[in-house]
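With CSV, C-alpha atoms inside, this is run-v8.csv:
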```csv
chain,number,residue,atom,x,y,z
J,1,MET,CA,29.6,22.7,-30.4
J,2,LEU,CA,26.1,23.0,-32.1
J,3,LYS,CA,26.2,19.4,-33.2
J,4,THR,CA,27.2,18.3,-29.7
J,5,TRP,CA,24.2,20.1,-28.3
J,6,ILE,CA,21.9,18.6,-30.9
J,7,LEU,CA,23.4,15.1,-30.5
J,8,LYS,CA,22.9,15.2,-26.7
J,9,GLY,CA,19.2,15.9,-27.2
J,10,ARG,CA,19.1,19.7,-26.8
J,11,ARG,CA,18.8,19.3,-23.1
J,12,PRO,CA,18.8,22.4,-20.9
J,13,GLU,CA,21.8,21.2,-19.0
J,14,ASP,CA,23.8,21.2,-22.3
J,15,GLU,CA,22.9,24.7,-23.3
J,16,MET,CA,26.5,25.7,-22.8
J,17,TYR,CA,27.4,24.0,-26.1
J,18,ARG,CA,24.9,26.1,-28.0
J,19,ALA,CA,26.0,29.3,-26.2
J,20,MET,CA,29.7,28.5,-27.1
J,21,TRP,CA,28.7,28.0,-30.8
J,22,GLU,CA,26.8,31.2,-30.9
J,23,ARG,CA,29.7,33.2,-29.5
J,24,ALA,CA,32.0,31.6,-32.0
J,25,ILE,CA,29.7,32.5,-34.9
J,26,ASP,CA,29.3,36.1,-33.7
J,27,ASP,CA,33.1,36.4,-33.4
J,28,MET,CA,33.5,34.9,-36.9
J,29,ILE,CA,31.0,37.3,-38.4
J,30,ASP,CA,32.5,40.3,-36.6
J,31,ARG,CA,36.1,39.5,-37.3
J,32,LEU,CA,36.4,37.2,-40.4
J,33,VAL,CA,33.5,37.8,-42.7
J,34,THR,CA,34.8,40.4,-45.2
J,35,LYS,CA,34.0,41.6,-48.7
J,36,ASN,CA,36.0,41.2,-51.8
J,37,ASN,CA,36.5,44.7,-53.2
J,38,ALA,CA,36.6,43.5,-56.8
J,39,THR,CA,33.4,41.4,-56.8
J,40,GLY,CA,31.5,42.9,-53.8
J,41,LEU,CA,30.9,39.4,-52.5
J,42,ASN,CA,31.4,38.2,-49.0
J,43,TYR,CA,33.8,35.5,-47.8
J,44,VAL,CA,35.4,34.2,-44.6
J,45,ALA,CA,39.0,35.3,-44.2
J,46,SER,CA,41.6,33.9,-41.9
J,47,ILE,CA,43.7,35.2,-39.1
J,48,SER,CA,47.5,34.9,-38.9
J,49,PRO,CA,49.3,33.6,-35.8
J,50,LEU,CA,50.1,37.3,-35.1
J,51,GLY,CA,46.4,38.2,-35.2
J,52,ALA,CA,46.4,40.0,-38.6
J,53,LEU,CA,43.6,39.4,-41.1
J,54,VAL,CA,44.6,37.2,-44.0
J,55,SER,CA,42.5,37.9,-47.1
J,56,GLN,CA,42.0,34.3,-48.2
J,57,MET,CA,39.4,31.6,-47.8
J,58,GLU,CA,40.6,28.0,-47.2
J,59,HIS,CA,39.0,24.8,-48.5
J,60,LEU,CA,37.7,23.8,-45.0
J,61,THR,CA,36.1,27.2,-44.6
J,62,GLY,CA,33.6,26.3,-47.3
J,63,ALA,CA,31.5,24.5,-44.6
J,64,ASP,CA,31.1,27.8,-42.7
J,65,ALA,CA,28.1,28.8,-44.9
J,66,HIS,CA,25.9,26.2,-43.3
J,67,MET,CA,26.8,27.6,-39.8
J,68,LEU,CA,25.9,31.1,-40.9
J,69,ALA,CA,22.6,30.0,-42.5
J,70,ASP,CA,21.0,29.5,-39.2
J,71,VAL,CA,21.8,32.8,-37.6
J,72,ARG,CA,22.7,35.5,-40.2
J,73,SER,CA,21.7,36.5,-43.7
J,74,HIS,CA,25.4,36.5,-44.8
J,75,ALA,CA,24.9,33.0,-46.1
J,76,HIS,CA,22.8,34.3,-49.0
J,77,SER,CA,25.8,36.1,-50.4
J,78,MET,CA,28.7,33.9,-49.4
J,79,ALA,CA,31.3,33.5,-52.1
J,80,PRO,CA,34.8,32.1,-51.9
J,81,GLY,CA,37.9,34.4,-51.9
J,82,LEU,CA,40.1,31.4,-52.5
J,83,ARG,CA,43.8,31.8,-53.2
J,84,VAL,CA,44.5,28.1,-53.0
J,85,ARG,CA,44.5,26.9,-56.6
J,86,PHE,CA,44.3,23.1,-56.2
J,87,ASN,CA,41.1,21.1,-55.8
J,88,ALA,CA,41.4,18.0,-53.6
J,89,LEU,CA,37.9,16.7,-54.1
J,90,ARG,CA,36.8,18.1,-50.7
J,91,ALA,CA,33.1,18.1,-49.8
J,92,GLU,CA,32.8,21.4,-47.8
J,93,ALA,CA,31.0,23.3,-50.6
J,94,MET,CA,28.5,20.5,-51.2
J,95,GLU,CA,28.0,20.1,-47.5
J,96,ALA,CA,27.3,23.9,-47.2
J,97,ALA,CA,24.8,23.6,-50.1
J,98,PHE,CA,23.0,20.7,-48.4
J,99,TYR,CA,22.6,22.5,-45.0
J,100,LEU,CA,21.5,25.7,-46.7
J,101,TRP,CA,18.9,23.8,-48.7
J,102,ARG,CA,17.6,22.0,-45.7
J,103,VAL,CA,17.5,25.1,-43.4
J,104,ILE,CA,16.4,27.8,-45.8
J,105,GLY,CA,14.7,25.7,-48.5
J,106,LYS,CA,15.5,27.8,-51.5
J,107,GLN,CA,16.1,26.0,-54.7
J,108,LEU,CA,19.1,28.3,-55.2
J,109,TYR,CA,21.2,26.0,-53.0
J,110,GLN,CA,20.2,22.9,-55.0
J,111,ASP,CA,21.3,24.8,-58.1
J,112,TRP,CA,24.6,25.5,-56.4
J,113,ALA,CA,25.0,21.8,-55.6
J,114,TRP,CA,24.3,20.9,-59.2
J,115,LEU,CA,26.9,23.3,-60.5
J,116,ILE,CA,29.4,21.9,-58.0
J,117,PHE,CA,28.7,18.3,-59.0
J,118,HIS,CA,28.8,19.2,-62.7
J,119,ALA,CA,32.1,20.9,-62.3
J,120,PHE,CA,33.5,17.7,-60.7
J,121,GLU,CA,32.1,15.6,-63.5
J,122,GLN,CA,33.7,17.9,-66.1
J,123,ASN,CA,37.1,18.4,-64.5
J,124,CYS,CA,37.8,15.5,-62.1
J,125,LYS,CA,36.3,12.4,-63.7
J,126,VAL,CA,39.1,10.1,-65.0
J,127,ALA,CA,39.2,6.6,-66.5
J,128,VAL,CA,39.0,4.8,-63.2
J,129,GLY,CA,37.4,7.2,-60.8
J,130,TYR,CA,37.8,10.9,-59.8
J,131,ALA,CA,41.0,12.9,-59.2
J,132,GLY,CA,41.8,16.3,-57.9
J,133,VAL,CA,42.9,19.3,-60.0
J,134,ARG,CA,46.3,20.7,-59.5
J,135,ASP,CA,45.4,24.3,-60.6
J,136,VAL,CA,41.8,25.3,-61.0
J,137,THR,CA,42.8,28.5,-62.9
J,138,THR,CA,44.2,26.6,-65.9
J,139,ARG,CA,42.4,24.9,-68.8
J,140,PRO,CA,42.3,22.1,-69.6
J,141,ALA,CA,42.4,20.8,-66.1
J,142,VAL,CA,45.5,18.8,-65.0
J,143,ASN,CA,44.6,16.1,-62.6
J,144,ASP,CA,46.7,14.6,-59.8
J,145,ASP,CA,46.9,10.9,-59.2
J,146,SER,CA,44.7,10.3,-56.2
J,147,MET,CA,41.1,9.9,-55.1
J,148,PRO,CA,40.8,10.4,-51.3
J,149,SER,CA,38.2,8.4,-49.4
J,150,LEU,CA,36.4,11.6,-48.5
J,151,TRP,CA,35.1,11.8,-52.1
J,152,LEU,CA,33.1,8.6,-51.5
J,153,VAL,CA,32.3,9.1,-47.8
J,154,GLU,CA,31.5,12.8,-47.8
J,155,MET,CA,31.2,14.3,-51.2
J,156,LEU,CA,28.9,11.8,-52.8
J,157,LYS,CA,26.8,11.4,-49.7
J,158,TYR,CA,26.1,15.2,-49.5
J,159,ALA,CA,25.5,15.3,-53.2
J,160,TRP,CA,22.9,12.5,-52.8
J,161,LEU,CA,21.3,14.1,-49.8
J,162,VAL,CA,20.9,17.6,-51.3
J,163,PHE,CA,18.6,16.1,-54.0
J,164,SER,CA,16.8,13.7,-51.8
J,165,PRO,CA,13.6,14.3,-49.9
J,166,PRO,CA,14.0,15.4,-46.2
J,167,GLU,CA,12.9,12.0,-45.0
J,168,ALA,CA,16.0,10.4,-46.4
J,169,LEU,CA,17.8,11.8,-43.4
J,170,ASP,CA,15.9,13.3,-40.5
J,171,LEU,CA,18.1,16.1,-39.1
J,172,ASP,CA,16.0,16.1,-35.9
J,173,ALA,CA,17.0,12.4,-35.4
J,174,PHE,CA,20.5,12.3,-36.8
J,175,VAL,CA,23.6,14.5,-36.7
J,176,LEU,CA,26.3,14.2,-39.4
J,177,ASN,CA,29.7,14.4,-37.9
J,178,THR,CA,32.9,15.8,-39.5
J,179,GLU,CA,33.3,12.8,-41.8
J,180,ALA,CA,29.6,12.8,-42.7
J,181,HIS,CA,28.8,9.7,-40.6
J,182,SER,CA,25.3,10.0,-39.2
J,183,LEU,CA,24.9,9.7,-35.4
J,184,CYS,CA,21.6,9.1,-33.8
J,185,VAL,CA,20.4,11.9,-31.5
J,186,LEU,CA,20.1,10.8,-27.8
J,187,GLY,CA,16.6,9.7,-27.1
J,188,HIS,CA,15.6,9.0,-30.7
J,189,MET,CA,14.7,5.5,-31.8
J,190,LEU,CA,16.9,3.8,-34.4
J,191,PRO,CA,15.2,2.3,-37.5
J,192,SER,CA,16.3,-1.3,-36.5
J,193,GLN,CA,14.8,-0.9,-33.0
J,194,GLY,CA,11.1,-0.7,-34.1
J,195,THR,CA,8.7,1.3,-32.0
J,196,GLY,CA,9.3,-0.1,-28.6
J,197,ARG,CA,12.9,0.9,-27.7
J,198,ALA,CA,14.7,4.2,-27.7
J,199,ALA,CA,18.4,4.5,-28.4
J,200,ALA,CA,20.4,4.2,-25.2
J,201,SER,CA,23.4,6.0,-26.6
J,202,GLY,CA,22.9,8.1,-29.7
J,203,ALA,CA,26.7,8.9,-29.9
J,204,ALA,CA,27.4,5.2,-30.7
J,205,ALA,CA,24.7,4.6,-33.2
J,206,PHE,CA,25.5,4.9,-36.9
J,207,PHE,CA,22.8,4.9,-39.6
J,208,PHE,CA,24.9,5.2,-42.8
```
Encoded form (structure tokens):
Amino acid sequence: MLKTWILKGRRPEDEMYRAMWERAIDDMIDRLVTKNNATGLNYVASISPLGALVSQMEHLTGADAHMLADVRSHAHSMAPGLRVRFNALRAEAMEAAFYLWRVIGKQLYQDWAWLIFHAFEQNCKVAVGYAGVRDVTTRPAVNDDSMPSLWLVEMLKYAWLVFSPPEALDLDAFVLNTEAHSLCVLGHMLPSQGTGRAAASGAAAFFF
């Protein structure tokens, strides 16, 4: 919802999207952000179909840190309570580090990103690419036999962006969608259009 509001140019008539996002974030913080009793660190739990709190954090929830960064200080102490043992080369943790770095500006989040990338290099790099890890709790790592396209499309893009200067991708002019494709915000000019024309439809304009 927040990305929809930004993509549409943050117009007053689209404020409902931001309001819906804020309500969702407030509910997530109130109902899902919980503390690991053993470590004292926060994580985002799940809710079962029957409404019971499930004390585990899924892979996709790793991106929630960047949503929290804009509205709550919980993001500074976010840590996974993962019970899923496989690593499928997903990009959510790197995505979160990127947004935290761009929004808050602390080098801590670049340090996180480097640790994440280094862990992939150590445990997922194989002879002809990168492969997931079947069980992250065992050593040495046992890799599976696949490299999903999201590794190239999302993971490496966020890894590059988190160590690039802000002008590499202007977040006021572009929104990264779920698959990390950049969409031009409505009303912003595209690089190929020069200075004389504004984008007629940001939702259809890809940068990289």
Using only C-alpha atoms, find all polymer residues with an atom at most 12 Å away from the point (41.7, 25.7, -63.6); report them as JSON, numbers by chain. {"J": [84, 85, 86, 87, 119, 120, 122, 123, 124, 132, 133, 134, 135, 136, 137, 138, 139, 140, 141, 142, 143]}
Rounded to one decimal in Å, what is the spacing between atom CA of J:Arg90 and atom CA of J:Asn37? 26.7 Å
Could you tell me how far atom CA of J:Lys3 sits from atom CA of J:Ala24, in Å to one decimal place?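 If I compute the distance from atom CA of J:Ala24 to atom CA of J:Lys3, I get 13.6 Å.
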Å distance separating atom CA of J:Val175 from atom CA of J:Asp14, one decimal place: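 These two atoms are separated by 15.9 Å.
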